[in-house]
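First up is the structure itself, then whatever we jot down about it.
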Amino acid sequence: MNIQQLEYIIAVDRFKSFTKAAEHCHVAQATLSAMVKKLEEELGAVIFDRKQNPILTTDIGLQILKEAHSILEHSRILKEKARQDQPEIEGHIKIGIIPTIANTLLPKIIQELLNSYPKLSFEILEINTNAILEQLKEESIDMGILSTPIEHSGMEEEILYYETLLVYGKTDSKKKYLLPDEIKDHKIWLLEEGHCLREQFINLCALKKKELKHKNLQFQANSFDTLLNMVDEFGGLTLIPELYYQSLSAERKSRISFFHKPFPVREVSILYYRPYAKKHLILAIATLIRKLVGKQLKANKYKNNELNIVEI
């Protein structure tokens with residue numbers, strides 16, 4: 001019996017298919033099937049009912065799977081402890097990051113990450129929040145960068161920074177600082193469903209569904225660039241984060257309004273599972289991101305009671 005065999009049976013139980021399990025484990029199906037069969041023979045128990053389609057895990061198989069998960073968890077703990085005294089940052093890490101953070105954060109950190117950790121290979125996916133949570137559970141990715149706080153179970157959180165939220169577009173008011181209630185009566189442009197910033201805008205300003213000027217148009221954007229172009233062309237308002245604001249032209253910055261104190265911010269964090277063998281890599285990445293980005297943000301100049309973390 002070995003760790004690899006336990007990983008194989010967990011994959012078969014998850015996918016209910018030897019073919020899909022083999023693809024997930026990057027091994028030939030014949031090899032995986034043979035290793036699972038060998039484990040069953042060693043244990044003297046049938047773990048899977050192969051006559052069923054999809055494959056079913058037997059009652060004794062469910063008990064074995066429970067122990068297999070426990071053994072793999074302890075295996076990760078051992079790897080974690082073994083690496084704690086190893087300062088070298090090396091290996092491979094797979095990161096999921098939501099689009100509304102990726103488009104402004106990645107250009108600020110990628111080069112420095114590559115230069116600082118030349119022995120660490122990065123694989124980065126731009127995916128939405130639900131996909132990040134799902135792939136963390138499936139162990140398809142090692143860490144996620146997303147907007148928090150968010151409901152999650154069994155995950156560790158490393159807060160990276162707080163980013164102020166700003167209003168783009170011309171308002172009726174000549175005031176530089178706005179209250180969330182002052183947004184309601186304007187035409188609002190939102191990101192499509194699935195983007196956390198959409199929900200934060202709705203919750204912050206208690207928005208209700210409003211008809212656009214053209215009633216034969218239903219539109220939801222997938223990027224800040226599209227939102228700003230629509231606001232420039234048709235008027236109205238939208239919400240953008242501070243890092244995106246920093247990339248705007250002087251002309252577009254002139255169309256920005258700030259919220260009144262307490263300043264609404266979005267919390268940006270890393271999520272990952274613990275115990276976890278790559279924790280030292282994750283903490284190193286988190287530390288570098290804080291160093292590179294934190295000093296650029298207005299939220300760091302304010303006291304905690306002056307900030308309003310907008311819920312998703």
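Scheme for the structure tokens: letters A, B, ... for chains in order shown; per-chain residue numbers from 1; ligand numbers from 1 in order shown.
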
Given only C-alpha atoms, how would the per-residue table for range 255-312 of chain A near range 219-243 of chain A read, listing every residue at most 9 Å away with its closest atom pair and distance in Å to one decimal, sorted by chain and number, as CSV?
residue,atom,partner,partner_atom,distance
A:Val265,CA,A:Pro241,CA,8.2
A:Arg266,CA,A:Pro241,CA,7.9
A:Val293,CA,A:Leu243,CA,8.9
A:Gln296,CA,A:Leu243,CA,8.4
A:Leu297,CA,A:Glu242,CA,7.3
A:Lys298,CA,A:Glu242,CA,8.2

Can I get the selected residues back with C-alpha atoms, as a short mmCIF file (atom, residue, chain, number, x, y, z; two decimals), in the first residue's frame?
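That gives us result-v3.cif:
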data_model
loop_
_atom_site.label_atom_id
_atom_site.label_comp_id
_atom_site.auth_asym_id
_atom_site.auth_seq_id
_atom_site.Cartn_x
_atom_site.Cartn_y
_atom_site.Cartn_z
CA VAL A 265 -13.39 49.18 0.78
CA ARG A 266 -13.18 45.69 -0.59
CA VAL A 293 0.67 46.89 -3.17
CA GLN A 296 0.02 52.33 -2.85
CA LEU A 297 -3.48 52.23 -1.34
CA LYS A 298 -5.37 55.01 0.43
#

Which residues are close to Thr148 in chain A, i.e. within 10 Å by only C-alpha atoms, leaving aside same-chain residues fewer than 2 positions away? Reply as a PDB file with C-alpha atoms, in the first residue's frame.
ATOM      1  CA  THR A 129     -15.200  33.220  -7.070  1.00  0.00           C
ATOM      2  CA  ILE A 145      -6.959  35.451  -4.641  1.00  0.00           C
ATOM      3  CA  LEU A 146     -10.431  36.920  -4.293  1.00  0.00           C
ATOM      4  CA  ILE A 150     -16.897  35.121   2.098  1.00  0.00           C
ATOM      5  CA  GLU A 151     -18.531  31.982   3.430  1.00  0.00           C
ATOM      6  CA  HIS A 152     -16.037  29.144   3.309  1.00  0.00           C
ATOM      7  CA  GLU A 157      -7.387  33.208   4.939  1.00  0.00           C
ATOM      8  CA  ILE A 159      -5.755  39.206   4.117  1.00  0.00           C
ATOM      9  CA  TYR A 162      -8.043  46.811   1.620  1.00  0.00           C
ATOM     10  CA  CYS A 196     -18.397  39.922  -6.538  1.00  0.00           C
ATOM     11  CA  ARG A 266     -13.180  45.686  -0.594  1.00  0.00           C
ATOM     12  CA  GLU A 267     -11.075  43.171   1.284  1.00  0.00           C
ATOM     13  CA  VAL A 268      -8.717  41.163  -0.928  1.00  0.00           C
ATOM     14  CA  SER A 269      -7.363  37.902   0.477  1.00  0.00           C
ATOM     15  CA  ILE A 270      -5.688  34.611  -0.279  1.00  0.00           C
ATOM     16  CA  LEU A 271      -7.684  31.481   0.549  1.00  0.00           C
ATOM     17  CA  ILE A 309     -15.675  46.566   4.427  1.00  0.00           C
ATOM     18  CA  VAL A 310     -18.408  46.003   1.847  1.00  0.00           C
ATOM     19  CA  GLU A 311     -20.070  42.592   2.053  1.00  0.00           C
ATOM     20  CA  ILE A 312     -20.474  40.367  -0.997  1.00  0.00           C
TER      21      ILE A 312
END

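Among the candidate residues A:Arg290, A:Lys108, A:Lys94, A:Lys261, the one lying nearest to Phe122 in chain A is A:Lys94, with distances computed using only C-alpha atoms.
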
Per residue of range 55-147 of chain A within 7 Å of range 277-283 of chain A, what are the shortest atom pair and its distance in Å to one decimal, counting only C-alpha atoms, with rows by chain and residue number, as a tab-separated table?
residue	atom	partner	partner_atom	distance
A:Arg76	CA	A:Ala277	CA	5.3
A:Ile77	CA	A:Ala277	CA	6.7
A:Lys79	CA	A:Ala277	CA	5.4
A:Glu80	CA	A:Ala277	CA	4.4
A:Ile89	CA	A:Leu281	CA	6.3

Please produce a file of the residues just selected, as an mmCIF file, in the first residue's frame, where the atoms kept are C-alpha atoms.
data_model
loop_
_atom_site.group_PDB
_atom_site.id
_atom_site.type_symbol
_atom_site.label_atom_id
_atom_site.label_comp_id
_atom_site.auth_asym_id
_atom_site.auth_seq_id
_atom_site.Cartn_x
_atom_site.Cartn_y
_atom_site.Cartn_z
ATOM 1 C CA ARG A 76 0.478 16.744 4.050
ATOM 2 C CA ILE A 77 1.184 17.650 7.679
ATOM 3 C CA LYS A 79 5.450 17.463 4.333
ATOM 4 C CA GLU A 80 4.552 20.802 5.897
ATOM 5 C CA ILE A 89 11.078 28.975 -2.236
#

- Message: Given only C-alpha atoms as the basis, pick out the residue of A:Lys303, A:Lys295, A:His69, A:His186 nearest to Ala11 in chain A.
- Response: A:His69

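Taking CA of Tyr245 in chain A and CA of Thr100 in chain A as the two end points, the separation is 12.3 Å.
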
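Of the residues listed (A:Ser121, A:Thr19, A:Asn103, A:Ser254), A:Thr19 shows the shortest atom-to-atom separation from Thr31 in chain A; distances use only C-alpha atoms.
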
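By chain and then residue number, the residues within 10 Å of Lys137 in chain A are Ala131, Ile132, Leu133, Ile141, Asp142, Ser153, Gly154, Met155, Tyr272 and Tyr273 of chain A, counting only C-alpha atoms and disregarding those fewer than 4 positions away in sequence.
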
- Task: Using only C-alpha atoms, determine which residues lie at most 8 Å from Tyr8 in chain A, disregarding the query and same-chain residues fewer than 2 positions distant; provide the list as a ChimeraX atom specification.
- Result: /A:4-6,10-12,21-22,25,32,35-36

Next, the residues of the selection above should be written as a PDB file, in the first residue's frame with C-alpha atoms.
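Heads up, here's the output in result.pdb:
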ATOM      1  CA  GLN A   4      -0.309   7.013  -4.665  1.00  0.00           C
ATOM      2  CA  GLN A   5      -2.845   4.187  -4.437  1.00  0.00           C
ATOM      3  CA  LEU A   6      -4.853   6.176  -1.894  1.00  0.00           C
ATOM      4  CA  ILE A  10     -10.023   9.046  -3.923  1.00  0.00           C
ATOM      5  CA  ALA A  11     -10.001  10.182  -7.557  1.00  0.00           C
ATOM      6  CA  VAL A  12     -12.152   7.211  -8.676  1.00  0.00           C
ATOM      7  CA  ALA A  21      -9.742   9.537 -12.527  1.00  0.00           C
ATOM      8  CA  ALA A  22      -6.759   8.525 -14.658  1.00  0.00           C
ATOM      9  CA  CYS A  25      -4.053  11.852 -11.934  1.00  0.00           C
ATOM     10  CA  LEU A  32      -4.535   3.299 -12.328  1.00  0.00           C
ATOM     11  CA  MET A  35      -2.975  -0.122  -8.779  1.00  0.00           C
ATOM     12  CA  VAL A  36      -6.532   0.074  -7.426  1.00  0.00           C
TER      13      VAL A  36
END

- Task: Output as a ChimeraX atom specification all residues of range 66-106 of chain A that backbone DSSP marks as alpha helix (DSSP H).
- Result: /A:66-83,99-106

With N, CA and C atoms retained, export the selected residues as a short mmCIF file (atom, residue, chain, number, x, y, z; two decimals), in the first residue's frame.
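This is the output file selection-v9.cif:
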data_model
loop_
_atom_site.label_atom_id
_atom_site.label_comp_id
_atom_site.auth_asym_id
_atom_site.auth_seq_id
_atom_site.Cartn_x
_atom_site.Cartn_y
_atom_site.Cartn_z
N LYS A 66 -12.69 7.04 3.80
CA LYS A 66 -12.60 7.95 4.95
C LYS A 66 -11.21 7.91 5.56
N GLU A 67 -10.68 6.70 5.73
CA GLU A 67 -9.33 6.56 6.29
C GLU A 67 -8.27 7.07 5.31
N ALA A 68 -8.52 6.85 4.02
CA ALA A 68 -7.56 7.32 3.01
C ALA A 68 -7.42 8.84 3.06
N HIS A 69 -8.54 9.54 3.19
CA HIS A 69 -8.50 11.00 3.31
C HIS A 69 -7.70 11.42 4.53
N SER A 70 -7.91 10.70 5.64
CA SER A 70 -7.20 11.01 6.88
C SER A 70 -5.70 10.79 6.73
N ILE A 71 -5.32 9.70 6.06
CA ILE A 71 -3.90 9.40 5.86
C ILE A 71 -3.25 10.46 4.99
N LEU A 72 -3.93 10.87 3.91
CA LEU A 72 -3.37 11.90 3.03
C LEU A 72 -3.23 13.24 3.75
N GLU A 73 -4.19 13.53 4.64
CA GLU A 73 -4.10 14.77 5.40
C GLU A 73 -2.87 14.74 6.31
N HIS A 74 -2.64 13.61 6.97
CA HIS A 74 -1.46 13.49 7.82
C HIS A 74 -0.18 13.52 6.99
N SER A 75 -0.25 13.00 5.78
CA SER A 75 0.90 13.05 4.88
C SER A 75 1.26 14.49 4.56
N ARG A 76 0.24 15.33 4.34
CA ARG A 76 0.48 16.74 4.05
C ARG A 76 1.09 17.45 5.26
N ILE A 77 0.63 17.06 6.46
CA ILE A 77 1.18 17.65 7.68
C ILE A 77 2.68 17.35 7.79
N LEU A 78 3.04 16.09 7.49
CA LEU A 78 4.45 15.70 7.55
C LEU A 78 5.28 16.51 6.55
N LYS A 79 4.73 16.68 5.33
CA LYS A 79 5.45 17.46 4.33
C LYS A 79 5.59 18.92 4.78
N GLU A 80 4.53 19.42 5.41
CA GLU A 80 4.55 20.80 5.90
C GLU A 80 5.65 20.98 6.94
N LYS A 81 5.71 20.06 7.89
CA LYS A 81 6.70 20.15 8.95
C LYS A 81 8.11 20.00 8.39
N ALA A 82 8.25 19.12 7.38
CA ALA A 82 9.57 18.91 6.79
C ALA A 82 10.06 20.15 6.06
N ARG A 83 9.15 20.96 5.55
CA ARG A 83 9.53 22.13 4.76
C ARG A 83 9.67 23.39 5.61
N PRO A 99 -11.31 37.91 -12.00
CA PRO A 99 -10.97 38.89 -13.05
C PRO A 99 -10.87 40.33 -12.57
N THR A 100 -11.75 40.75 -11.64
CA THR A 100 -11.74 42.15 -11.22
C THR A 100 -10.57 42.49 -10.31
N ILE A 101 -9.82 41.48 -9.90
CA ILE A 101 -8.57 41.71 -9.18
C ILE A 101 -7.39 41.47 -10.11
N ALA A 102 -7.51 40.45 -10.96
CA ALA A 102 -6.40 40.06 -11.84
C ALA A 102 -5.96 41.20 -12.75
N ASN A 103 -6.93 41.95 -13.30
CA ASN A 103 -6.58 42.94 -14.33
C ASN A 103 -5.74 44.09 -13.80
N THR A 104 -5.79 44.35 -12.49
CA THR A 104 -4.98 45.44 -11.93
C THR A 104 -3.86 44.95 -11.02
N LEU A 105 -4.07 43.83 -10.34
CA LEU A 105 -3.04 43.34 -9.41
C LEU A 105 -1.89 42.65 -10.13
N LEU A 106 -2.20 41.78 -11.08
CA LEU A 106 -1.15 40.98 -11.72
C LEU A 106 -0.06 41.84 -12.37
#

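Going from CA of Ile95 in chain A to CA of Ile124 in chain A covers 4.7 Å.
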
- If we count only C-alpha atoms, what is near Leu292 in chain A at a cut-off of 9 Å, once residues fewer than 5 positions away on the same chain are taken out, given as a VMD selection string? chain A and resid 108 to 109 112 287

- Message: If you run DSSP on the backbone here, which positions in range 109-299 of chain A get strand (DSSP E)? Please write them as number ranges by chain.
- Response: A: 120-126, 143-148, 155-168, 177-178, 238-241, 256-259, 263-273

For the residues in the current selection, export N, CA and C atoms as a compact mmCIF listing (two decimals), in the first residue's frame.
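What ended up in again.txt:
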# COMPACT_ATOMS: atom_id res chain seq x y z
N LEU A 120 10.57 29.10 -8.40
CA LEU A 120 9.15 28.79 -8.23
C LEU A 120 8.42 29.00 -9.54
N SER A 121 7.71 27.98 -10.01
CA SER A 121 6.95 28.04 -11.25
C SER A 121 5.51 28.43 -10.93
N PHE A 122 5.00 29.46 -11.60
CA PHE A 122 3.65 29.96 -11.36
C PHE A 122 2.71 29.55 -12.49
N GLU A 123 1.54 29.04 -12.11
CA GLU A 123 0.46 28.78 -13.07
C GLU A 123 -0.75 29.54 -12.56
N ILE A 124 -1.23 30.51 -13.35
CA ILE A 124 -2.28 31.42 -12.89
C ILE A 124 -3.50 31.32 -13.79
N LEU A 125 -4.67 31.14 -13.16
CA LEU A 125 -5.94 31.04 -13.88
C LEU A 125 -6.82 32.21 -13.48
N GLU A 126 -7.44 32.86 -14.46
CA GLU A 126 -8.40 33.93 -14.18
C GLU A 126 -9.79 33.33 -14.19
N MET A 143 -4.09 27.90 -4.30
CA MET A 143 -4.56 29.07 -3.56
C MET A 143 -5.44 29.93 -4.46
N GLY A 144 -6.27 30.74 -3.86
CA GLY A 144 -7.12 31.65 -4.61
C GLY A 144 -6.94 33.07 -4.11
N ILE A 145 -6.98 34.04 -5.01
CA ILE A 145 -6.96 35.45 -4.64
C ILE A 145 -8.31 36.03 -5.03
N LEU A 146 -9.06 36.50 -4.04
CA LEU A 146 -10.43 36.92 -4.29
C LEU A 146 -10.87 37.93 -3.26
N SER A 147 -12.07 38.45 -3.45
CA SER A 147 -12.62 39.42 -2.53
C SER A 147 -13.30 38.70 -1.37
N THR A 148 -13.01 39.13 -0.16
CA THR A 148 -13.59 38.54 1.04
C THR A 148 -14.20 39.68 1.87
N MET A 155 -11.10 26.50 5.32
CA MET A 155 -10.02 27.19 4.62
C MET A 155 -9.35 28.23 5.50
N GLU A 156 -8.09 28.47 5.20
CA GLU A 156 -7.34 29.52 5.87
C GLU A 156 -7.38 30.78 5.01
N GLU A 157 -7.30 31.93 5.65
CA GLU A 157 -7.39 33.21 4.94
C GLU A 157 -6.21 34.10 5.32
N GLU A 158 -5.57 34.65 4.30
CA GLU A 158 -4.51 35.63 4.50
C GLU A 158 -4.96 36.94 3.85
N ILE A 159 -5.32 37.92 4.66
CA ILE A 159 -5.76 39.21 4.12
C ILE A 159 -4.55 39.92 3.50
N LEU A 160 -4.70 40.37 2.26
CA LEU A 160 -3.61 41.03 1.55
C LEU A 160 -3.68 42.55 1.68
N TYR A 161 -4.87 43.11 1.40
CA TYR A 161 -5.00 44.56 1.47
C TYR A 161 -6.47 44.96 1.41
N TYR A 162 -6.72 46.21 1.75
CA TYR A 162 -8.04 46.81 1.62
C TYR A 162 -7.96 47.89 0.53
N GLU A 163 -8.91 47.84 -0.37
CA GLU A 163 -8.89 48.70 -1.55
C GLU A 163 -10.15 49.56 -1.57
N THR A 164 -10.00 50.88 -1.58
CA THR A 164 -11.17 51.75 -1.57
C THR A 164 -11.95 51.62 -2.88
N LEU A 165 -13.26 51.81 -2.78
CA LEU A 165 -14.15 51.74 -3.93
C LEU A 165 -14.57 53.17 -4.32
N LEU A 166 -14.59 53.43 -5.62
CA LEU A 166 -14.82 54.78 -6.13
C LEU A 166 -15.94 54.77 -7.16
N VAL A 167 -16.57 55.92 -7.35
CA VAL A 167 -17.65 56.07 -8.32
C VAL A 167 -17.11 56.74 -9.58
N TYR A 168 -17.41 56.14 -10.73
CA TYR A 168 -17.00 56.73 -12.01
C TYR A 168 -18.24 57.24 -12.74
N TYR A 177 -17.28 64.34 -2.21
CA TYR A 177 -17.52 63.12 -1.44
C TYR A 177 -19.01 62.79 -1.42
N LEU A 178 -19.34 61.55 -1.71
CA LEU A 178 -20.73 61.12 -1.82
C LEU A 178 -21.10 60.15 -0.70
N THR A 238 -20.83 53.97 -12.42
CA THR A 238 -20.41 52.60 -12.11
C THR A 238 -19.40 52.66 -10.98
N LEU A 239 -19.04 51.48 -10.47
CA LEU A 239 -18.14 51.38 -9.33
C LEU A 239 -16.83 50.74 -9.77
N ILE A 240 -15.72 51.33 -9.36
CA ILE A 240 -14.42 50.74 -9.69
C ILE A 240 -13.54 50.69 -8.44
N PRO A 241 -12.59 49.76 -8.39
CA PRO A 241 -11.66 49.69 -7.26
C PRO A 241 -10.47 50.61 -7.47
N ILE A 256 -14.09 60.92 -11.45
CA ILE A 256 -14.19 60.08 -10.27
C ILE A 256 -14.75 60.87 -9.09
N SER A 257 -15.64 60.23 -8.35
CA SER A 257 -16.12 60.78 -7.07
C SER A 257 -15.76 59.80 -5.97
N PHE A 258 -15.47 60.34 -4.80
CA PHE A 258 -15.10 59.51 -3.65
C PHE A 258 -16.28 59.43 -2.69
N PHE A 259 -16.34 58.33 -1.96
CA PHE A 259 -17.37 58.20 -0.95
C PHE A 259 -16.96 58.93 0.32
N PHE A 263 -15.12 55.10 4.63
CA PHE A 263 -14.83 54.83 3.24
C PHE A 263 -15.07 53.36 2.91
N PRO A 264 -15.91 53.08 1.90
CA PRO A 264 -16.15 51.68 1.54
C PRO A 264 -14.90 51.07 0.90
N VAL A 265 -14.56 49.88 1.32
CA VAL A 265 -13.39 49.18 0.78
C VAL A 265 -13.78 47.73 0.49
N ARG A 266 -13.05 47.12 -0.44
CA ARG A 266 -13.18 45.69 -0.59
C ARG A 266 -11.93 45.04 -0.01
N GLU A 267 -12.17 43.93 0.68
CA GLU A 267 -11.08 43.17 1.28
C GLU A 267 -10.60 42.14 0.28
N VAL A 268 -9.30 42.11 0.02
CA VAL A 268 -8.72 41.16 -0.93
C VAL A 268 -7.82 40.21 -0.15
N SER A 269 -8.06 38.90 -0.33
CA SER A 269 -7.36 37.90 0.48
C SER A 269 -6.93 36.71 -0.36
N ILE A 270 -6.03 35.93 0.23
CA ILE A 270 -5.69 34.61 -0.28
C ILE A 270 -6.44 33.58 0.54
N LEU A 271 -7.07 32.63 -0.12
CA LEU A 271 -7.68 31.48 0.55
C LEU A 271 -6.92 30.22 0.17
N TYR A 272 -6.77 29.31 1.14
CA TYR A 272 -6.14 28.02 0.87
C TYR A 272 -6.55 27.03 1.95
N TYR A 273 -6.34 25.76 1.69
CA TYR A 273 -6.67 24.74 2.67
C TYR A 273 -5.49 24.47 3.59
